[in-house]
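Structure first, then comments.
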Amino acid sequence: MNATVAQQKKTFDALKGELGFKNVMQAPKVAKIILSTGVGSIKDKKRLDFIEGRLATIAGQAPAKRGAKKSIANFKIRTGDAAGFQITLRGSRAASFLDKLIHIVFPRVKDFRGIKQTAIDEMGNISIGLREHTVFPETADEDARDVFGVSITIVTTAKSKKEAERFLRHIGLPLQENK
């Protein structure tokens, strides 16, 4: 049996009573994970290369450059200038990144008390922002002056916010309790 099929079956068994699933294929799963970071109006080529390299090291995949959509003279940005980087992880890379995020990264975040449930949208996706990329173990040796934030979006196949919340708790994502 395929590892993803076994995981799907395990998720189905855990959630079928709670959510009323009748078929294994109804169980939610992680469709993709998107990492993105903005660089603002950085003209320093070395800093852009540094951010691109660190993001590639964190994800294990080369990032795609995202250009500015329009020129803004006050910010000295021209159409097409690098405004950020984005990586989309799927399949086994997404699974290994999620495992690293839950078991290594979140425990390293200062004053981390869980992810608020309001981070889950109505379509079953969750967006998480990290202020410093230095919480990833691959970046432990760098200078404190070159710190940038990373936005992580976990896209699931859940049909509702409630279904996504139950699924994310099942896979081990540390969500805060409702108050």
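The way I read the labels, and the way they are meant: chains A, B, ... in the order of the structure tokens, residue 1 as the first residue of every chain, and ligand 1 as the first ligand shown, with later ones counted on from there.
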- Task: Considering only C-alpha atoms, return as a list in words whatever protein or nucleic-acid residues lie within 12 Å of A:Asp13, sequence-local ones (same chain, fewer than 6 positions apart) excluded.
- Result: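 Here the answer would be Ala6, Gln7, Leu19, Gly20, Phe21, Lys22, Asn23, Val24, Met25, Gln26, Ala27, Pro28, Phe167 and His170 of chain A.
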Go ahead and save the residues from that selection, with N, CA and C atoms, as a PDB file, in the first residue's frame.
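To be explicit, this is the file written out as selection32.pdb:
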```pdb
ATOM      1  N   ALA A   6      -1.984   5.015   2.793  1.00  0.00           N
ATOM      2  CA  ALA A   6      -2.043   4.599   4.198  1.00  0.00           C
ATOM      3  C   ALA A   6      -2.353   5.796   5.100  1.00  0.00           C
ATOM      4  N   GLN A   7      -1.738   6.931   4.814  1.00  0.00           N
ATOM      5  CA  GLN A   7      -1.998   8.147   5.588  1.00  0.00           C
ATOM      6  C   GLN A   7      -3.446   8.596   5.411  1.00  0.00           C
ATOM      7  N   LEU A  19     -16.813  13.644  11.621  1.00  0.00           N
ATOM      8  CA  LEU A  19     -17.291  14.432  10.489  1.00  0.00           C
ATOM      9  C   LEU A  19     -18.249  13.672   9.569  1.00  0.00           C
ATOM     10  N   GLY A  20     -18.517  12.409   9.857  1.00  0.00           N
ATOM     11  CA  GLY A  20     -19.499  11.653   9.095  1.00  0.00           C
ATOM     12  C   GLY A  20     -19.042  11.207   7.718  1.00  0.00           C
ATOM     13  N   PHE A  21     -17.756  10.899   7.562  1.00  0.00           N
ATOM     14  CA  PHE A  21     -17.259  10.427   6.272  1.00  0.00           C
ATOM     15  C   PHE A  21     -17.742   9.001   6.031  1.00  0.00           C
ATOM     16  N   LYS A  22     -18.064   8.707   4.787  1.00  0.00           N
ATOM     17  CA  LYS A  22     -18.497   7.365   4.424  1.00  0.00           C
ATOM     18  C   LYS A  22     -17.500   6.687   3.486  1.00  0.00           C
ATOM     19  N   ASN A  23     -16.583   7.457   2.917  1.00  0.00           N
ATOM     20  CA  ASN A  23     -15.634   6.937   1.947  1.00  0.00           C
ATOM     21  C   ASN A  23     -14.247   7.476   2.286  1.00  0.00           C
ATOM     22  N   VAL A  24     -13.210   6.678   2.059  1.00  0.00           N
ATOM     23  CA  VAL A  24     -11.831   7.083   2.348  1.00  0.00           C
ATOM     24  C   VAL A  24     -11.443   8.332   1.565  1.00  0.00           C
ATOM     25  N   MET A  25     -11.975   8.471   0.356  1.00  0.00           N
ATOM     26  CA  MET A  25     -11.611   9.603  -0.486  1.00  0.00           C
ATOM     27  C   MET A  25     -12.183  10.929   0.010  1.00  0.00           C
ATOM     28  N   GLN A  26     -13.114  10.888   0.966  1.00  0.00           N
ATOM     29  CA  GLN A  26     -13.658  12.114   1.539  1.00  0.00           C
ATOM     30  C   GLN A  26     -12.711  12.743   2.549  1.00  0.00           C
ATOM     31  N   ALA A  27     -11.785  11.972   3.075  1.00  0.00           N
ATOM     32  CA  ALA A  27     -10.862  12.475   4.094  1.00  0.00           C
ATOM     33  C   ALA A  27      -9.978  13.560   3.491  1.00  0.00           C
ATOM     34  N   PRO A  28      -9.792  14.668   4.203  1.00  0.00           N
ATOM     35  CA  PRO A  28      -8.947  15.747   3.677  1.00  0.00           C
ATOM     36  C   PRO A  28      -7.477  15.353   3.652  1.00  0.00           C
ATOM     37  N   PHE A 167      -8.818  18.253  10.805  1.00  0.00           N
ATOM     38  CA  PHE A 167      -7.740  17.599  10.056  1.00  0.00           C
ATOM     39  C   PHE A 167      -6.368  18.115  10.490  1.00  0.00           C
ATOM     40  N   HIS A 170      -5.397  16.732  13.693  1.00  0.00           N
ATOM     41  CA  HIS A 170      -5.060  15.315  13.546  1.00  0.00           C
ATOM     42  C   HIS A 170      -3.622  15.129  13.060  1.00  0.00           C
TER      43      HIS A 170
END
```
- Which of chain A DSSP labels alpha helix (DSSP H), written as a PyMOL selection string: chain A and resi 3-19+45-59+91-100+106-108+161-171
Write the residues you've just listed into a file as a PDB file, in the first residue's frame, and include C-alpha atoms for each of them.
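Now in again24.pdb:
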```pdb
ATOM      1  CA  ALA A   3       2.399   5.700   1.990  1.00  0.00           C
ATOM      2  CA  THR A   4      -0.047   8.454   1.029  1.00  0.00           C
ATOM      3  CA  VAL A   5      -2.891   5.947   0.736  1.00  0.00           C
ATOM      4  CA  ALA A   6      -2.043   4.599   4.198  1.00  0.00           C
ATOM      5  CA  GLN A   7      -1.998   8.147   5.588  1.00  0.00           C
ATOM      6  CA  GLN A   8      -5.347   8.875   3.910  1.00  0.00           C
ATOM      7  CA  LYS A   9      -6.816   5.723   5.484  1.00  0.00           C
ATOM      8  CA  LYS A  10      -5.474   6.678   8.916  1.00  0.00           C
ATOM      9  CA  THR A  11      -6.982  10.164   8.581  1.00  0.00           C
ATOM     10  CA  PHE A  12     -10.285   8.672   7.462  1.00  0.00           C
ATOM     11  CA  ASP A  13     -10.406   6.280  10.427  1.00  0.00           C
ATOM     12  CA  ALA A  14      -9.661   9.104  12.870  1.00  0.00           C
ATOM     13  CA  LEU A  15     -12.203  11.573  11.455  1.00  0.00           C
ATOM     14  CA  LYS A  16     -15.056   9.423  10.087  1.00  0.00           C
ATOM     15  CA  GLY A  17     -17.096   9.455  13.295  1.00  0.00           C
ATOM     16  CA  GLU A  18     -16.544  13.147  13.964  1.00  0.00           C
ATOM     17  CA  LEU A  19     -17.291  14.432  10.489  1.00  0.00           C
ATOM     18  CA  LYS A  45      21.809  42.120  -5.890  1.00  0.00           C
ATOM     19  CA  LYS A  46      23.774  40.288  -3.191  1.00  0.00           C
ATOM     20  CA  ARG A  47      20.895  40.568  -0.714  1.00  0.00           C
ATOM     21  CA  LEU A  48      18.420  39.275  -3.336  1.00  0.00           C
ATOM     22  CA  ASP A  49      20.719  36.330  -4.056  1.00  0.00           C
ATOM     23  CA  PHE A  50      21.068  35.716  -0.304  1.00  0.00           C
ATOM     24  CA  ILE A  51      17.280  35.615   0.215  1.00  0.00           C
ATOM     25  CA  GLU A  52      16.802  33.393  -2.826  1.00  0.00           C
ATOM     26  CA  GLY A  53      19.522  31.000  -1.654  1.00  0.00           C
ATOM     27  CA  ARG A  54      18.232  30.790   1.916  1.00  0.00           C
ATOM     28  CA  LEU A  55      14.678  30.127   0.745  1.00  0.00           C
ATOM     29  CA  ALA A  56      15.969  27.377  -1.560  1.00  0.00           C
ATOM     30  CA  THR A  57      17.910  25.850   1.336  1.00  0.00           C
ATOM     31  CA  ILE A  58      14.867  25.930   3.624  1.00  0.00           C
ATOM     32  CA  ALA A  59      12.489  24.340   1.102  1.00  0.00           C
ATOM     33  CA  GLY A  91       3.727  15.491  -2.565  1.00  0.00           C
ATOM     34  CA  SER A  92       6.628  14.111  -0.559  1.00  0.00           C
ATOM     35  CA  ARG A  93       8.425  17.478  -0.376  1.00  0.00           C
ATOM     36  CA  ALA A  94       5.323  19.054   1.141  1.00  0.00           C
ATOM     37  CA  ALA A  95       4.991  16.180   3.619  1.00  0.00           C
ATOM     38  CA  SER A  96       8.619  16.385   4.741  1.00  0.00           C
ATOM     39  CA  PHE A  97       8.434  20.191   5.027  1.00  0.00           C
ATOM     40  CA  LEU A  98       5.240  19.934   7.116  1.00  0.00           C
ATOM     41  CA  ASP A  99       6.918  17.395   9.389  1.00  0.00           C
ATOM     42  CA  LYS A 100       9.916  19.718   9.824  1.00  0.00           C
ATOM     43  CA  PHE A 106       7.523  25.676  15.830  1.00  0.00           C
ATOM     44  CA  PRO A 107       9.371  24.584  19.001  1.00  0.00           C
ATOM     45  CA  ARG A 108      12.187  27.006  18.047  1.00  0.00           C
ATOM     46  CA  LYS A 161     -13.306  25.496   8.270  1.00  0.00           C
ATOM     47  CA  LYS A 162     -14.473  22.911  10.827  1.00  0.00           C
ATOM     48  CA  GLU A 163     -13.243  19.999   8.706  1.00  0.00           C
ATOM     49  CA  ALA A 164      -9.882  21.724   8.157  1.00  0.00           C
ATOM     50  CA  GLU A 165      -9.481  22.458  11.869  1.00  0.00           C
ATOM     51  CA  ARG A 166     -10.104  18.797  12.796  1.00  0.00           C
ATOM     52  CA  PHE A 167      -7.740  17.599  10.056  1.00  0.00           C
ATOM     53  CA  LEU A 168      -4.934  20.007  10.998  1.00  0.00           C
ATOM     54  CA  ARG A 169      -5.207  18.958  14.651  1.00  0.00           C
ATOM     55  CA  HIS A 170      -5.060  15.315  13.546  1.00  0.00           C
ATOM     56  CA  ILE A 171      -1.802  15.795  11.613  1.00  0.00           C
TER      57      ILE A 171
END
```
- Minimum-distance residue to A:Thr157, chosen among A:Lys32, A:His133, A:Gln117, A:Gln176 (using only C-alpha atoms):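 When distances to A:Thr157 are compared using only C-alpha atoms, the smallest one comes from A:Lys32.
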- Do you know which residues are at most 8 Å from A:Gly67 counting only C-alpha atoms, after dropping those on the same chain fewer than 6 positions away, and could you put them as a PyMOL selection string? chain A and resi 79-84
C-alpha atoms of the current selection, written as a compact mmCIF listing (two decimals), in the first residue's frame:
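Saved the output as out.txt:
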```txt
# COMPACT_ATOMS: atom_id res chain seq x y z
CA THR A 79 7.48 46.88 -13.39
CA GLY A 80 9.18 43.49 -13.31
CA ASP A 81 11.67 44.29 -10.52
CA ALA A 82 11.98 41.49 -7.95
CA ALA A 83 9.31 42.07 -5.31
CA GLY A 84 9.51 38.63 -3.70
```
- Given the choices A:Leu130, A:Leu175, A:Val39, A:Ile115, which gets closest to A:Ser151 if the distance is worked out from only C-alpha atoms?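 That would be A:Leu130, the residue with the smallest distance to A:Ser151.
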- Task: Pick out the closest residue to A:Glu177 from this set: A:Lys70, A:Arg113, A:Gly38, A:Arg78. Count only C-alpha atoms.
- Result: A:Arg113
- Query: Of the candidates A:Ile102, A:Ile128, A:Val109, A:Val135, which shows the shortest atom-to-atom distance to A:Thr153, using only C-alpha atoms?
  - Reply: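 Smallest distance to A:Thr153 is found for A:Ile128.
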- Query: Which distance in Å separates atom CA of A:Lys65 and atom CA of A:Lys29, to one decimal?
  - Reply: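 Rounded to one decimal, the two atoms are 27.7 Å apart.
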- Given only C-alpha atoms as the counted atoms, nearest of A:Gly149, A:Pro63, A:Pro174, A:Pro137 to A:Val105: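 Of A:Gly149, A:Pro63, A:Pro174, A:Pro137, the one nearest A:Val105 is A:Pro137, counting only C-alpha atoms.
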Strand (DSSP E or B) call set, DSSP backbone run, stretch 8-146 of chain A, as a PDB file with C-alpha atoms, in the first residue's frame:
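Written out: selection00.pdb:
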```pdb
ATOM      1  CA  VAL A  30      -2.572  18.440   2.173  1.00  0.00           C
ATOM      2  CA  ALA A  31      -2.719  19.497  -1.472  1.00  0.00           C
ATOM      3  CA  LYS A  32       0.290  21.846  -1.452  1.00  0.00           C
ATOM      4  CA  ILE A  33       2.360  24.165   0.719  1.00  0.00           C
ATOM      5  CA  ILE A  34       3.307  27.622  -0.525  1.00  0.00           C
ATOM      6  CA  LEU A  35       6.250  29.533   0.942  1.00  0.00           C
ATOM      7  CA  SER A  36       6.631  33.178   0.017  1.00  0.00           C
ATOM      8  CA  THR A  37       8.617  36.181   1.085  1.00  0.00           C
ATOM      9  CA  GLY A  38       8.654  39.788  -0.010  1.00  0.00           C
ATOM     10  CA  ALA A  64      10.406  31.509  -8.399  1.00  0.00           C
ATOM     11  CA  LYS A  65      10.991  35.244  -8.582  1.00  0.00           C
ATOM     12  CA  ARG A  66       7.852  37.386  -8.354  1.00  0.00           C
ATOM     13  CA  GLY A  67       8.067  40.749 -10.073  1.00  0.00           C
ATOM     14  CA  ILE A  72       5.780  53.068  -8.173  1.00  0.00           C
ATOM     15  CA  ILE A  77      10.139  50.181  -8.081  1.00  0.00           C
ATOM     16  CA  ALA A  82      11.983  41.489  -7.955  1.00  0.00           C
ATOM     17  CA  ALA A  83       9.307  42.075  -5.313  1.00  0.00           C
ATOM     18  CA  GLY A  84       9.508  38.633  -3.700  1.00  0.00           C
ATOM     19  CA  PHE A  85      10.057  34.916  -4.067  1.00  0.00           C
ATOM     20  CA  GLN A  86       7.640  32.002  -3.956  1.00  0.00           C
ATOM     21  CA  ILE A  87       7.955  28.210  -3.713  1.00  0.00           C
ATOM     22  CA  THR A  88       5.171  25.645  -4.127  1.00  0.00           C
ATOM     23  CA  LEU A  89       5.789  22.240  -2.523  1.00  0.00           C
ATOM     24  CA  ILE A 115      -1.515  28.988  15.864  1.00  0.00           C
ATOM     25  CA  ILE A 120      -7.882  28.972   8.902  1.00  0.00           C
ATOM     26  CA  ILE A 126      -4.276  27.985   6.776  1.00  0.00           C
ATOM     27  CA  SER A 127      -1.791  30.846   6.490  1.00  0.00           C
ATOM     28  CA  ILE A 128       1.079  31.199   8.947  1.00  0.00           C
ATOM     29  CA  GLY A 129       3.586  34.039   9.129  1.00  0.00           C
ATOM     30  CA  LEU A 130       7.053  33.689  10.636  1.00  0.00           C
TER      31      LEU A 130
END
```
